[in-house]
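**Q** Starting off with a structure, shown below.
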Amino acid sequence: MTAAIALALAALTSCSVGSGISTGPSPDSAPQQSVDPALRVTDPRDLTGVQDACTLLNPEQRTRVGAGDAEFTTTTNEYGNSTCEIFGDAFNAAVDIDTNHGGMTNLNSKKDNFDNFTPTEVSGYPAAELNAESTACKVSVGVADDQSIEVDFSKNSGGSPEMNDPCGYASKIVVEALRNVPPA
């Protein structure tokens with residue numbers, strides 16, 4: 001018997017007889033994660049139409065957060081969404097949009113992956129301060145049950161005394177960005 005015939009026979013004998021109808025999830029479907037009631041967003045926003053994260057901060061808001069003279073660059077982030085990179089004298093920041101990874105419930109389930117994870121709230125939205133250090137902090141804010149905005153802030157030199165609280169300053173940037181996120 002040739003190897004091809006033996007392989008064909010093995011394939012045939014491993015098949016089972018049945019209706020051919022699968023009642024399980026398809027391999028392409030992502031598992032649905034239930035939303036933790038403590039992290040449910042009561043006034044959801046919709047980031048899916050925001051193609052450029054830099055549009056979340058208008059010129060007046062850029063000045064308010066001390067980035068009026070900063071360089072703004074749009075890139076694509078690890079989530080497949082838009083990131084606005086802000087490069088200034090006093091600080092650098094990245095404003096990330098995430099519409100693909102389950103919002104704060106998903107982030108909360110991975111909290112042990114961070115050096116530190118502090119649940120908080122920003123403008124009434126569930127949030128977390130991640131990997132906070134003396135000059136840097138990332139703040140992730142759930143704007144819908146399945147969407148979030150993250151601001152990764154890093155203080156350079158100078159700037160206002162307010163920037164000495166990197167998590168507080170990252171939250172300030174998020175508050176400004178939230179004003180330009182449309183309701184769901």
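Residue numbering restarts at 1 for every chain of the structure tokens, chains are lettered A, B, ... in their displayed order, and ligands are numbered from 1 as they appear.
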Write out as a tab-separated table the residues of stretch 68-139 of chain A that have any atom within 7 Å of an atom of stretch 36-57 of chain A, one row each with the nearest atom pair and its distance in Å to one decimal, counting only C-alpha atoms, sorted by chain and then rising number.
**A**
residue	atom	partner	partner_atom	distance
A:Phe72	CA	A:Cys54	CA	7.0
A:Thr74	CA	A:Cys54	CA	6.5
A:Ser82	CA	A:Ala53	CA	5.4
A:Thr83	CA	A:Ala53	CA	5.4
A:Cys84	CA	A:Cys54	CA	4.8
A:Val95	CA	A:Ala53	CA	6.6
A:Asp96	CA	A:Ala53	CA	6.9
A:Ile97	CA	A:Ala53	CA	6.7
A:Thr99	CA	A:Thr48	CA	6.3
A:Met104	CA	A:Leu39	CA	6.4
A:Thr105	CA	A:Asp36	CA	5.9
A:Tyr125	CA	A:Val41	CA	6.4
A:Pro126	CA	A:Leu39	CA	5.7
**Q** Write out as a PDB file with N, CA, C and O atoms, in the first residue's frame the set of residues from stretch 58-92 of chain A that DSSP, computed on the backbone, places in strand (DSSP E).
**A**
ATOM      1  N   GLU A  71       4.498  68.647  19.331  1.00  0.00           N
ATOM      2  CA  GLU A  71       4.324  67.961  18.044  1.00  0.00           C
ATOM      3  C   GLU A  71       3.316  66.831  18.243  1.00  0.00           C
ATOM      4  O   GLU A  71       3.435  66.038  19.178  1.00  0.00           O
ATOM      5  N   PHE A  72       2.329  66.759  17.356  1.00  0.00           N
ATOM      6  CA  PHE A  72       1.297  65.722  17.418  1.00  0.00           C
ATOM      7  C   PHE A  72       1.443  64.825  16.194  1.00  0.00           C
ATOM      8  O   PHE A  72       1.477  65.315  15.067  1.00  0.00           O
ATOM      9  N   THR A  73       1.523  63.523  16.422  1.00  0.00           N
ATOM     10  CA  THR A  73       1.672  62.551  15.344  1.00  0.00           C
ATOM     11  C   THR A  73       0.654  61.434  15.530  1.00  0.00           C
ATOM     12  O   THR A  73       0.515  60.903  16.637  1.00  0.00           O
ATOM     13  N   THR A  74      -0.030  61.077  14.450  1.00  0.00           N
ATOM     14  CA  THR A  74      -0.997  59.978  14.511  1.00  0.00           C
ATOM     15  C   THR A  74      -0.345  58.697  14.013  1.00  0.00           C
ATOM     16  O   THR A  74       0.292  58.688  12.959  1.00  0.00           O
ATOM     17  N   THR A  75      -0.501  57.625  14.788  1.00  0.00           N
ATOM     18  CA  THR A  75      -0.002  56.308  14.404  1.00  0.00           C
ATOM     19  C   THR A  75      -1.097  55.268  14.661  1.00  0.00           C
ATOM     20  O   THR A  75      -2.154  55.598  15.179  1.00  0.00           O
ATOM     21  N   THR A  76      -0.819  54.031  14.328  1.00  0.00           N
ATOM     22  CA  THR A  76      -1.731  52.927  14.634  1.00  0.00           C
ATOM     23  C   THR A  76      -1.156  52.175  15.827  1.00  0.00           C
ATOM     24  O   THR A  76       0.030  51.833  15.851  1.00  0.00           O
ATOM     25  N   SER A  82      -6.292  54.068  16.414  1.00  0.00           N
ATOM     26  CA  SER A  82      -5.458  55.256  16.311  1.00  0.00           C
ATOM     27  C   SER A  82      -4.825  55.631  17.648  1.00  0.00           C
ATOM     28  O   SER A  82      -5.431  55.487  18.701  1.00  0.00           O
ATOM     29  N   THR A  83      -3.591  56.137  17.556  1.00  0.00           N
ATOM     30  CA  THR A  83      -2.890  56.720  18.699  1.00  0.00           C
ATOM     31  C   THR A  83      -2.440  58.115  18.316  1.00  0.00           C
ATOM     32  O   THR A  83      -1.976  58.341  17.205  1.00  0.00           O
ATOM     33  N   CYS A  84      -2.554  59.031  19.246  1.00  0.00           N
ATOM     34  CA  CYS A  84      -2.013  60.377  19.070  1.00  0.00           C
ATOM     35  C   CYS A  84      -0.792  60.479  19.968  1.00  0.00           C
ATOM     36  O   CYS A  84      -0.903  60.416  21.197  1.00  0.00           O
ATOM     37  N   GLU A  85       0.377  60.605  19.345  1.00  0.00           N
ATOM     38  CA  GLU A  85       1.611  60.775  20.099  1.00  0.00           C
ATOM     39  C   GLU A  85       1.885  62.265  20.232  1.00  0.00           C
ATOM     40  O   GLU A  85       1.847  62.999  19.247  1.00  0.00           O
ATOM     41  N   ILE A  86       2.151  62.701  21.460  1.00  0.00           N
ATOM     42  CA  ILE A  86       2.375  64.103  21.764  1.00  0.00           C
ATOM     43  C   ILE A  86       3.803  64.249  22.296  1.00  0.00           C
ATOM     44  O   ILE A  86       4.151  63.610  23.291  1.00  0.00           O
ATOM     45  N   PHE A  87       4.594  65.047  21.600  1.00  0.00           N
ATOM     46  CA  PHE A  87       5.981  65.264  22.005  1.00  0.00           C
ATOM     47  C   PHE A  87       6.177  66.743  22.319  1.00  0.00           C
ATOM     48  O   PHE A  87       6.102  67.592  21.437  1.00  0.00           O
ATOM     49  N   PHE A  91       6.482  67.418  28.555  1.00  0.00           N
ATOM     50  CA  PHE A  91       6.024  66.028  28.667  1.00  0.00           C
ATOM     51  C   PHE A  91       5.831  65.406  27.298  1.00  0.00           C
ATOM     52  O   PHE A  91       5.722  66.093  26.288  1.00  0.00           O
ATOM     53  N   ASN A  92       5.792  64.087  27.310  1.00  0.00           N
ATOM     54  CA  ASN A  92       5.381  63.279  26.162  1.00  0.00           C
ATOM     55  C   ASN A  92       4.163  62.487  26.612  1.00  0.00           C
ATOM     56  O   ASN A  92       4.046  62.122  27.783  1.00  0.00           O
TER      57      ASN A  92
END
**Q** Near A:Ser160, within 10 Å and counting only C-alpha atoms, which residues show up once chain neighbours fewer than 6 positions away are dropped, as an NGL selection string?
**A** :A and (65-66 or 90)
**Q** So the first atom is atom CA of A:Gln61 and the second is atom CA of A:Leu130; what is the distance between them in Å, to one decimal place?
**A**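 Taking atom CA of A:Gln61 and atom CA of A:Leu130, their separation equals 23.9 Å.
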